[in-house]
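Shown next: model-v1.cif, containing mmCIF, C-alpha atoms.
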```cif
data_data
#
loop_
_atom_site.group_PDB
_atom_site.id
_atom_site.type_symbol
_atom_site.label_atom_id
_atom_site.label_comp_id
_atom_site.auth_asym_id
_atom_site.auth_seq_id
_atom_site.Cartn_x
_atom_site.Cartn_y
_atom_site.Cartn_z
ATOM 1 C CA MET A 1207 -19.586 -38.990 -16.347
ATOM 2 C CA GLU A 1208 -16.594 -40.805 -17.730
ATOM 3 C CA SER A 1209 -17.072 -44.383 -18.792
ATOM 4 C CA THR A 1210 -14.116 -46.496 -17.722
ATOM 5 C CA GLY A 1211 -15.540 -49.919 -18.372
ATOM 6 C CA ALA A 1212 -13.785 -52.147 -20.910
ATOM 7 C CA ARG A 1213 -15.631 -52.534 -24.153
ATOM 8 C CA PRO A 1214 -13.947 -55.120 -26.352
ATOM 9 C CA GLY A 1215 -13.156 -53.678 -29.731
ATOM 10 C CA SER A 1216 -13.778 -50.068 -28.799
ATOM 11 C CA ARG A 1217 -11.241 -47.283 -29.192
ATOM 12 C CA GLY A 1218 -9.534 -45.761 -26.190
ATOM 13 C CA VAL A 1219 -8.171 -47.267 -23.007
ATOM 14 C CA THR A 1220 -9.614 -50.726 -23.211
ATOM 15 C CA ASP A 1221 -6.840 -52.351 -25.178
ATOM 16 C CA GLN A 1222 -4.043 -50.763 -23.222
ATOM 17 C CA PRO A 1223 -1.905 -53.093 -21.129
ATOM 18 C CA ALA A 1224 -2.641 -52.958 -17.414
ATOM 19 C CA ALA A 1225 0.827 -51.599 -16.725
ATOM 20 C CA SER A 1226 0.124 -48.371 -18.602
ATOM 21 C CA SER A 1227 -0.079 -45.255 -16.457
ATOM 22 C CA ASP A 1228 -3.415 -43.486 -16.105
ATOM 23 C CA ASP A 1229 -2.120 -40.587 -18.170
ATOM 24 C CA ARG A 1230 -1.040 -42.743 -21.061
ATOM 25 C CA GLY A 1231 -4.133 -44.869 -20.935
ATOM 26 C CA ASN A 1232 -6.690 -42.103 -20.800
ATOM 27 C CA THR A 1233 -9.008 -41.481 -23.697
ATOM 28 C CA SER A 1234 -9.387 -38.003 -25.109
ATOM 29 C CA SER A 1235 -12.551 -37.670 -23.087
ATOM 30 C CA ALA A 1236 -10.830 -38.527 -19.840
ATOM 31 C CA ALA A 1237 -8.009 -36.092 -20.530
ATOM 32 C CA PHE A 1238 -10.522 -33.431 -21.482
ATOM 33 C CA ALA A 1239 -12.476 -34.002 -18.286
ATOM 34 C CA ARG A 1240 -9.300 -33.889 -16.230
ATOM 35 C CA TYR A 1241 -7.537 -30.893 -17.747
ATOM 36 C CA VAL A 1242 -10.165 -28.762 -19.452
ATOM 37 C CA GLU A 1243 -13.451 -28.995 -17.602
ATOM 38 C CA PRO A 1244 -12.078 -27.663 -14.273
ATOM 39 C CA GLU A 1245 -10.923 -24.539 -16.137
ATOM 40 C CA ILE A 1246 -14.251 -23.634 -17.776
ATOM 41 C CA THR A 1247 -15.046 -21.005 -15.142
ATOM 42 C CA VAL A 1248 -11.671 -19.309 -15.614
ATOM 43 C CA LEU A 1249 -12.042 -19.464 -19.384
ATOM 44 C CA TYR A 1250 -15.439 -17.822 -19.185
ATOM 45 C CA ARG A 1251 -14.180 -15.112 -16.840
ATOM 46 C CA VAL A 1252 -11.286 -14.296 -19.139
ATOM 47 C CA ALA A 1253 -13.479 -14.437 -22.231
ATOM 48 C CA SER A 1254 -15.915 -12.033 -20.570
ATOM 49 C CA THR A 1255 -13.053 -9.639 -19.911
ATOM 50 C CA LEU A 1256 -11.786 -9.855 -23.466
ATOM 51 C CA VAL A 1257 -15.056 -9.458 -25.338
ATOM 52 C CA ARG A 1258 -17.410 -8.003 -22.722
ATOM 53 C CA GLN A 1259 -20.621 -9.122 -24.466
ATOM 54 C CA PRO A 1260 -21.928 -12.227 -22.634
ATOM 55 C CA ALA A 1261 -23.090 -13.979 -25.803
ATOM 56 C CA ASP A 1262 -19.715 -13.379 -27.472
ATOM 57 C CA ALA A 1263 -17.917 -14.660 -24.378
ATOM 58 C CA GLN A 1264 -19.895 -17.893 -24.470
ATOM 59 C CA ASP A 1265 -19.211 -18.338 -28.176
ATOM 60 C CA LEU A 1266 -15.528 -17.718 -27.591
ATOM 61 C CA VAL A 1267 -15.359 -20.321 -24.826
ATOM 62 C CA GLN A 1268 -17.279 -22.843 -26.919
ATOM 63 C CA ASP A 1269 -14.846 -22.396 -29.807
ATOM 64 C CA THR A 1270 -11.971 -22.713 -27.354
ATOM 65 C CA LEU A 1271 -13.410 -25.934 -25.939
ATOM 66 C CA VAL A 1272 -13.783 -27.414 -29.408
ATOM 67 C CA ARG A 1273 -10.177 -26.546 -30.274
ATOM 68 C CA ALA A 1274 -8.951 -27.892 -26.958
ATOM 69 C CA TYR A 1275 -10.847 -31.113 -27.502
ATOM 70 C CA ARG A 1276 -9.307 -31.574 -30.937
ATOM 71 C CA ALA A 1277 -5.832 -30.926 -29.541
ATOM 72 C CA ILE A 1278 -6.095 -32.785 -26.245
ATOM 73 C CA ASP A 1279 -4.250 -35.854 -27.543
ATOM 74 C CA ARG A 1280 -1.179 -33.698 -28.165
ATOM 75 C CA PHE A 1281 -1.295 -31.978 -24.775
ATOM 76 C CA ASP A 1282 1.359 -33.234 -22.357
ATOM 77 C CA GLY A 1283 -0.617 -32.422 -19.205
ATOM 78 C CA ALA A 1284 1.694 -29.646 -17.986
ATOM 79 C CA HIS A 1285 0.096 -26.305 -17.080
ATOM 80 C CA PRO A 1286 -3.377 -26.897 -18.500
ATOM 81 C CA ARG A 1287 -4.569 -23.389 -17.667
ATOM 82 C CA ALA A 1288 -1.724 -21.753 -19.565
ATOM 83 C CA TRP A 1289 -2.332 -24.115 -22.478
ATOM 84 C CA LEU A 1290 -6.036 -23.282 -22.520
ATOM 85 C CA LEU A 1291 -5.443 -19.545 -22.218
ATOM 86 C CA THR A 1292 -3.182 -19.716 -25.263
ATOM 87 C CA ILE A 1293 -5.918 -21.498 -27.198
ATOM 88 C CA LEU A 1294 -8.446 -18.930 -25.993
ATOM 89 C CA ARG A 1295 -6.189 -16.062 -27.055
ATOM 90 C CA ASN A 1296 -5.591 -17.534 -30.506
ATOM 91 C CA THR A 1297 -9.272 -18.291 -30.929
ATOM 92 C CA HIS A 1298 -10.124 -14.752 -29.929
ATOM 93 C CA ARG A 1299 -7.588 -13.331 -32.375
ATOM 94 C CA ASN A 1300 -8.987 -15.431 -35.207
ATOM 95 C CA ARG A 1301 -12.517 -14.328 -34.430
ATOM 96 C CA MET A 1302 -11.434 -10.709 -34.293
ATOM 97 C CA ARG A 1303 -10.077 -10.903 -37.820
ATOM 98 C CA THR A 1304 -13.581 -11.173 -39.185
ATOM 99 C CA ARG A 1305 -15.301 -8.920 -36.688
ATOM 100 C CA LEU A 1306 -15.179 -5.454 -35.166
ATOM 101 C CA PRO A 1307 -12.308 -5.502 -32.659
ATOM 102 C CA ARG A 1308 -14.221 -5.040 -29.441
ATOM 103 C CA LEU A 1309 -11.045 -5.035 -27.349
ATOM 104 C CA LEU A 1310 -10.109 -1.740 -28.952
ATOM 105 C CA THR A 1311 -13.486 -0.066 -28.763
ATOM 106 C CA VAL A 1312 -14.476 2.337 -26.051
ATOM 107 C CA ALA A 1313 -16.351 0.684 -23.185
ATOM 108 C CA GLU A 1314 -19.843 0.132 -24.506
ATOM 109 C CA HIS A 1315 -21.707 -0.485 -21.381
ATOM 110 C CA GLN A 1316 -21.098 0.002 -17.721
ATOM 111 C CA ASP A 1317 -24.471 -1.152 -16.604
ATOM 112 C CA SER A 1318 -23.470 -3.701 -14.003
ATOM 113 C CA ASP A 1319 -22.366 -1.333 -11.288
ATOM 114 C CA VAL A 1320 -24.814 -2.592 -8.739
ATOM 115 C CA LEU A 1321 -23.425 -2.264 -5.246
ATOM 116 C CA ASP A 1322 -25.162 -5.211 -3.712
ATOM 117 C CA ARG A 1323 -24.365 -5.494 -0.024
ATOM 118 C CA GLY A 1324 -27.337 -7.450 1.215
ATOM 119 C CA GLY A 1325 -26.794 -9.016 4.628
ATOM 120 C CA ASP A 1326 -23.682 -6.959 5.300
ATOM 121 C CA PRO A 1327 -23.050 -6.510 9.047
ATOM 122 C CA ARG A 1328 -21.119 -3.210 8.692
ATOM 123 C CA SER A 1329 -22.383 0.084 10.035
ATOM 124 C CA ALA A 1330 -24.339 2.378 7.719
ATOM 125 C CA GLU A 1331 -21.433 4.853 7.636
ATOM 126 C CA ASP A 1332 -18.972 2.144 6.656
ATOM 127 C CA VAL A 1333 -21.293 0.879 3.962
ATOM 128 C CA VAL A 1334 -21.638 4.375 2.491
ATOM 129 C CA VAL A 1335 -17.886 5.031 2.569
ATOM 130 C CA ASP A 1336 -17.139 1.623 1.083
ATOM 131 C CA ALA A 1337 -19.771 2.152 -1.602
ATOM 132 C CA GLN A 1338 -18.187 5.498 -2.485
ATOM 133 C CA PHE A 1339 -14.785 3.862 -2.573
ATOM 134 C CA GLU A 1340 -16.044 1.094 -4.830
ATOM 135 C CA ALA A 1341 -17.840 3.529 -7.098
ATOM 136 C CA VAL A 1342 -14.675 5.573 -7.596
ATOM 137 C CA VAL A 1343 -12.631 2.434 -8.220
ATOM 138 C CA VAL A 1344 -15.124 1.183 -10.795
ATOM 139 C CA ASP A 1345 -15.287 4.571 -12.539
ATOM 140 C CA ALA A 1346 -11.516 4.831 -12.535
ATOM 141 C CA LEU A 1347 -11.230 1.332 -13.953
ATOM 142 C CA ALA A 1348 -13.662 2.167 -16.752
ATOM 143 C CA ALA A 1349 -11.692 5.326 -17.550
ATOM 144 C CA LEU A 1350 -8.403 3.469 -17.985
ATOM 145 C CA PRO A 1351 -6.954 2.843 -21.439
ATOM 146 C CA THR A 1352 -8.319 -0.494 -22.616
ATOM 147 C CA MET A 1353 -5.017 -2.363 -22.500
ATOM 148 C CA HIS A 1354 -4.505 -1.276 -18.888
ATOM 149 C CA ARG A 1355 -8.085 -1.986 -17.872
ATOM 150 C CA VAL A 1356 -7.986 -5.493 -19.280
ATOM 151 C CA VAL A 1357 -4.873 -6.366 -17.281
ATOM 152 C CA VAL A 1358 -6.459 -5.143 -14.039
ATOM 153 C CA GLN A 1359 -9.598 -7.129 -14.779
ATOM 154 C CA LEU A 1360 -7.685 -10.309 -15.534
ATOM 155 C CA VAL A 1361 -5.603 -10.103 -12.360
ATOM 156 C CA ASP A 1362 -7.903 -8.444 -9.819
ATOM 157 C CA VAL A 1363 -11.357 -9.466 -11.008
ATOM 158 C CA ASP A 1364 -10.691 -12.781 -12.720
ATOM 159 C CA GLY A 1365 -7.927 -13.830 -10.332
ATOM 160 C CA LEU A 1366 -5.245 -14.773 -12.866
ATOM 161 C CA SER A 1367 -1.557 -14.809 -11.997
ATOM 162 C CA TYR A 1368 0.793 -12.504 -13.887
ATOM 163 C CA ALA A 1369 1.968 -15.421 -16.010
ATOM 164 C CA GLU A 1370 -1.584 -16.458 -16.815
ATOM 165 C CA ALA A 1371 -2.608 -12.914 -17.729
ATOM 166 C CA ALA A 1372 0.472 -12.673 -19.950
ATOM 167 C CA GLU A 1373 -0.544 -15.940 -21.601
ATOM 168 C CA ALA A 1374 -4.109 -14.756 -22.141
ATOM 169 C CA LEU A 1375 -2.987 -11.518 -23.785
ATOM 170 C CA GLY A 1376 0.120 -12.781 -25.553
ATOM 171 C CA ILE A 1377 2.374 -10.202 -23.905
ATOM 172 C CA PRO A 1378 5.457 -10.533 -21.663
ATOM 173 C CA ARG A 1379 4.978 -10.897 -17.895
ATOM 174 C CA GLY A 1380 6.917 -7.687 -17.397
ATOM 175 C CA THR A 1381 4.405 -5.813 -19.541
ATOM 176 C CA VAL A 1382 1.591 -7.174 -17.389
ATOM 177 C CA MET A 1383 3.399 -5.885 -14.308
ATOM 178 C CA SER A 1384 4.086 -2.420 -15.695
ATOM 179 C CA ARG A 1385 0.518 -1.979 -16.996
ATOM 180 C CA LEU A 1386 -0.846 -3.159 -13.669
ATOM 181 C CA HIS A 1387 1.376 -0.768 -11.779
ATOM 182 C CA ARG A 1388 0.340 2.227 -13.893
ATOM 183 C CA ALA A 1389 -3.328 1.265 -13.845
ATOM 184 C CA ARG A 1390 -3.512 0.901 -10.082
ATOM 185 C CA ALA A 1391 -1.613 4.142 -9.591
ATOM 186 C CA ARG A 1392 -4.220 5.914 -11.723
ATOM 187 C CA ILE A 1393 -7.048 4.360 -9.741
ATOM 188 C CA ARG A 1394 -5.367 5.463 -6.533
ATOM 189 C CA THR A 1395 -4.961 8.998 -7.888
ATOM 190 C CA ARG A 1396 -8.721 9.131 -8.466
ATOM 191 C CA LEU A 1397 -9.314 7.980 -4.896
ATOM 192 C CA VAL A 1398 -6.982 10.671 -3.588
ATOM 193 C CA ALA A 1399 -8.797 13.296 -5.671
ATOM 194 C CA ALA A 1400 -12.111 12.112 -4.233
ATOM 195 C CA GLY A 1401 -10.712 12.502 -0.715
ATOM 196 C CA LEU A 1402 -11.201 8.808 0.041
ATOM 197 C CA VAL A 1403 -7.573 7.974 0.732
ATOM 198 C CA PRO A 1404 -4.751 10.125 2.101
ATOM 199 C CA HIS A 1405 -2.270 11.683 -0.243
ATOM 200 C CA ARG A 1406 1.167 10.226 0.021
ATOM 201 C CA SER A 1407 4.265 11.445 -1.694
ATOM 202 C CA LEU A 1408 7.911 10.798 -1.381
ATOM 203 C CA PRO A 1409 9.968 13.909 -0.792
ATOM 204 C CA MET B 1016 7.246 17.265 6.328
ATOM 205 C CA SER B 1017 10.078 15.493 8.081
ATOM 206 C CA LEU B 1018 13.189 14.899 6.057
ATOM 207 C CA MET B 1019 13.989 11.321 5.153
ATOM 208 C CA SER B 1020 17.480 9.962 5.296
ATOM 209 C CA PRO B 1021 18.888 8.640 2.011
ATOM 210 C CA THR B 1022 18.693 5.130 3.441
ATOM 211 C CA GLU B 1023 15.047 5.509 4.385
ATOM 212 C CA LEU B 1024 14.256 6.976 0.995
ATOM 213 C CA ALA B 1025 16.007 4.083 -0.742
ATOM 214 C CA ARG B 1026 13.977 1.601 1.295
ATOM 215 C CA CYS B 1027 10.729 3.369 0.412
ATOM 216 C CA LEU B 1028 11.608 3.423 -3.284
ATOM 217 C CA ARG B 1029 12.613 -0.251 -3.216
ATOM 218 C CA THR B 1030 9.332 -1.093 -1.508
ATOM 219 C CA ALA B 1031 7.350 0.932 -4.043
ATOM 220 C CA ARG B 1032 8.969 -1.020 -6.871
ATOM 221 C CA ALA B 1033 8.011 -4.387 -5.343
ATOM 222 C CA LEU B 1034 4.713 -3.455 -3.715
ATOM 223 C CA GLN B 1035 2.354 -4.620 -6.464
ATOM 224 C CA ARG B 1036 4.118 -7.967 -6.806
ATOM 225 C CA TYR B 1037 4.017 -8.350 -3.025
ATOM 226 C CA LEU B 1038 0.288 -7.606 -2.799
ATOM 227 C CA ASP B 1039 -0.431 -9.996 -5.677
ATOM 228 C CA GLY B 1040 1.557 -12.806 -4.061
ATOM 229 C CA GLU B 1041 4.030 -12.757 -6.946
ATOM 230 C CA ALA B 1042 7.141 -11.589 -5.078
ATOM 231 C CA ASP B 1043 9.867 -14.079 -4.178
ATOM 232 C CA ASP B 1044 10.264 -14.957 -0.493
ATOM 233 C CA LEU B 1045 13.184 -12.631 0.160
ATOM 234 C CA THR B 1046 11.475 -9.639 -1.461
ATOM 235 C CA ALA B 1047 8.197 -10.408 0.304
ATOM 236 C CA ALA B 1048 9.931 -10.526 3.681
ATOM 237 C CA ARG B 1049 11.738 -7.272 2.981
ATOM 238 C CA VAL B 1050 8.561 -5.486 1.892
ATOM 239 C CA ALA B 1051 6.577 -6.824 4.851
ATOM 240 C CA ALA B 1052 9.260 -5.656 7.271
ATOM 241 C CA HIS B 1053 9.311 -2.186 5.747
ATOM 242 C CA LEU B 1054 5.519 -1.850 5.795
ATOM 243 C CA GLU B 1055 5.608 -2.603 9.510
ATOM 244 C CA VAL B 1056 7.740 0.434 10.274
ATOM 245 C CA CYS B 1057 6.942 2.940 7.504
ATOM 246 C CA ARG B 1058 3.596 4.634 7.907
ATOM 247 C CA ARG B 1059 3.740 6.272 4.494
ATOM 248 C CA CYS B 1060 4.297 3.009 2.620
ATOM 249 C CA GLY B 1061 1.898 1.207 4.945
ATOM 250 C CA LEU B 1062 -0.918 3.578 3.994
ATOM 251 C CA GLN B 1063 -0.152 3.118 0.333
ATOM 252 C CA ALA B 1064 -0.235 -0.651 0.692
ATOM 253 C CA GLN B 1065 -3.525 -0.377 2.548
ATOM 254 C CA THR B 1066 -5.032 1.614 -0.313
ATOM 255 C CA TYR B 1067 -3.904 -0.880 -2.937
ATOM 256 C CA ARG B 1068 -5.262 -3.759 -0.864
ATOM 257 C CA ALA B 1069 -8.621 -1.986 -0.686
ATOM 258 C CA ILE B 1070 -8.597 -1.425 -4.462
ATOM 259 C CA LYS B 1071 -7.925 -5.115 -5.040
ATOM 260 C CA GLN B 1072 -10.664 -6.043 -2.606
ATOM 261 C CA ALA B 1073 -13.187 -3.712 -4.277
ATOM 262 C CA LEU B 1074 -12.439 -5.256 -7.662
ATOM 263 C CA HIS B 1075 -12.346 -8.836 -6.447
ATOM 264 C CA GLY B 1076 -15.970 -8.575 -5.338
ATOM 265 C CA ARG B 1077 -16.996 -7.797 -8.908
ATOM 266 C CA GLY B 1078 -15.957 -11.160 -10.247
ATOM 267 C CA ASN B 1079 -19.378 -12.792 -10.261
ATOM 268 C CA VAL B 1080 -20.033 -14.895 -13.299
ATOM 269 C CA ASP B 1081 -23.279 -15.835 -14.968
ATOM 270 C CA GLU B 1082 -24.075 -19.268 -13.527
ATOM 271 C CA LEU B 1083 -26.556 -20.020 -16.289
ATOM 272 C CA ALA B 1084 -23.903 -19.362 -18.912
ATOM 273 C CA LEU B 1085 -21.488 -21.617 -17.038
ATOM 274 C CA ARG B 1086 -24.037 -24.401 -16.901
ATOM 275 C CA ARG B 1087 -24.550 -24.087 -20.644
ATOM 276 C CA LEU B 1088 -20.806 -24.239 -21.252
ATOM 277 C CA ARG B 1089 -20.406 -27.293 -19.027
ATOM 278 C CA ALA B 1090 -23.255 -28.976 -20.875
ATOM 279 C CA PHE B 1091 -21.568 -28.114 -24.164
ATOM 280 C CA SER B 1092 -18.297 -29.501 -22.851
ATOM 281 C CA GLY B 1093 -20.072 -32.672 -21.782
ATOM 282 C CA SER B 1094 -21.599 -33.012 -25.240
ATOM 283 C CA LEU B 1095 -18.111 -33.039 -26.781
ATOM 284 C CA THR B 1096 -17.006 -36.012 -24.710
ATOM 285 C CA GLU B 1097 -20.404 -37.641 -25.031
ATOM 286 C CA SER B 1098 -20.170 -37.604 -28.819
ATOM 287 C CA GLU B 1099 -16.854 -39.465 -28.610
ATOM 288 C CA ARG B 1100 -18.342 -42.137 -26.394
ATOM 289 C CA ASN B 1101 -21.281 -42.529 -28.767
ATOM 290 C CA SER B 1102 -18.955 -42.887 -31.725
ATOM 291 C CA ASP B 1103 -17.017 -45.544 -29.756
ATOM 292 C CA GLU B 1104 -20.196 -47.468 -29.179
ATOM 293 C CA ASP B 1105 -21.017 -47.351 -32.876
ATOM 294 C CA LEU B 1106 -17.831 -49.217 -33.718
ATOM 295 C CA PRO B 1107 -18.200 -52.946 -34.441
#
```
This structure in structure tokens:
Amino acid sequence: MESTGARPGSRGVTDQPAASSDDRGNTSSAAFARYVEPEITVLYRVASTLVRQPADAQDLVQDTLVRAYRAIDRFDGAHPRAWLLTILRNTHRNRMRTRLPRLLTVAEHQDSDVLDRGGDPRSAEDVVVDAQFEAVVVDALAALPTMHRVVVQLVDVDGLSYAEAAEALGIPRGTVMSRLHRARARIRTRLVAAGLVPHRSLP
Amino acid sequence: MSLMSPTELARCLRTARALQRYLDGEADDLTAARVAAHLEVCRRCGLQAQTYRAIKQALHGRGNVDELALRRLRAFSGSLTESERNSDEDLP
């Protein structure tokens, strides 16, 4: 994908002295390919959590990619995911200024609750119990306050670290932890109420 | 319900405070070792940890992304770098 051949007179790496490091000699395209493209899946996951509508998520990632591309020459190469999540967050905030704030609306659709377990080797009883467990978890997640739900989705569904989730939302890491703690405790309470996990209490 | 000693109670409370970080792999080594050791011997905390692990597992399986959308985004990303190469080639 990346052209590395020397083209006399062209911009980019070709006129750099041979002693230059790869980092210093890279063109914007090479830096973009190295730092940004491997993170597209994460960006799309996070965007999908933030805006929920697939078309909006794609638009948000596209805008983020454009901004990242314009800024790549100023990026020092440290923590590309955190850098990109900050761009994504700022892009999202700017888009929200001119649109209905979807992050603050009540969940609009919960139509993807398909419990697909094709090819699963578990017993029928286990599948049923696990499906009940999952259904309660998903319902409990949907019932959480939005700011709590989003943190759970970023960490548990999208696989972000606490620091990355904090970066994506523009909140302190400690806030991520406390929201996560409360959110999971609420989910667990729903599971206890459904009789799917034992009650446990400290004296 | 059996009575817990103050020491046992303190250990359970300390574990409860660190449990989420431990399960998420975000606890430091010392805390992780302490939590793991307590979960080995405390049934009550062990059950709680088991429940939270199952919650995480149930949610993790829901992380499928739209492959078509990803392909479109990668193509878009490629078009950004492609346009730079084309503009390079246009230079004298």
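In plain terms, chain A touches chain B through Ser1216, Ser1235, Glu1340, Asp1362 and Val1363 of chain A, where touching means an atom at most 6 Å away, counting all atoms listed in the file.
Taking atom CA of Leu1256 of chain A and atom CA of Asp1282 of chain A as the two end points, the separation is 26.8 Å.
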Requested in this report: For atom CA of Asp1279 of chain A and atom CA of Thr1292 of chain A, quote the distance in Å rounded to one decimal.
Outcome: 16.3 Å
Query raised in the report: Could you spell out the hits of the PyMOL selection byres ((chain A and resi 1245-1255) around 7) on the shown file, as a PyMOL selection string?
Result: (chain A and resi 1242-1244+1256-1260+1263-1264+1266-1267+1287+1356+1359-1360+1364) or (chain B and resi 1080+1085)
Only C-alpha atoms, please: the residues just picked out, written as an mmCIF file, keeping the file's coordinate frame.
```cif
data_model
loop_
_atom_site.group_PDB
_atom_site.id
_atom_site.type_symbol
_atom_site.label_atom_id
_atom_site.label_comp_id
_atom_site.auth_asym_id
_atom_site.auth_seq_id
_atom_site.Cartn_x
_atom_site.Cartn_y
_atom_site.Cartn_z
ATOM 1 C CA VAL A 1242 -10.165 -28.762 -19.452
ATOM 2 C CA GLU A 1243 -13.451 -28.995 -17.602
ATOM 3 C CA PRO A 1244 -12.078 -27.663 -14.273
ATOM 4 C CA LEU A 1256 -11.786 -9.855 -23.466
ATOM 5 C CA VAL A 1257 -15.056 -9.458 -25.338
ATOM 6 C CA ARG A 1258 -17.410 -8.003 -22.722
ATOM 7 C CA GLN A 1259 -20.621 -9.122 -24.466
ATOM 8 C CA PRO A 1260 -21.928 -12.227 -22.634
ATOM 9 C CA ALA A 1263 -17.917 -14.660 -24.378
ATOM 10 C CA GLN A 1264 -19.895 -17.893 -24.470
ATOM 11 C CA LEU A 1266 -15.528 -17.718 -27.591
ATOM 12 C CA VAL A 1267 -15.359 -20.321 -24.826
ATOM 13 C CA ARG A 1287 -4.569 -23.389 -17.667
ATOM 14 C CA VAL A 1356 -7.986 -5.493 -19.280
ATOM 15 C CA GLN A 1359 -9.598 -7.129 -14.779
ATOM 16 C CA LEU A 1360 -7.685 -10.309 -15.534
ATOM 17 C CA ASP A 1364 -10.691 -12.781 -12.720
ATOM 18 C CA VAL B 1080 -20.033 -14.895 -13.299
ATOM 19 C CA LEU B 1085 -21.488 -21.617 -17.038
#
```
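Evaluated against this file, the PyMOL selection byres ((chain B and resi 1051-1053) around 10) yields B:Glu1023, B:Arg1026, B:Cys1027, B:Arg1029, B:Thr1030, B:Leu1034, B:Tyr1037, B:Leu1038, B:Leu1045, B:Thr1046, B:Ala1047, B:Ala1048, B:Arg1049, B:Val1050, B:Leu1054, B:Glu1055, B:Val1056, B:Cys1057, B:Arg1058, B:Cys1060, B:Gly1061.
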Requested in this report: Select, from A:Thr1233, A:Ala1348, A:Ala1341, A:Glu1373, the residue with the minimum atom-to-atom distance to Leu1290 of chain A, counting all atoms listed in the file.
Outcome: A:Glu1373
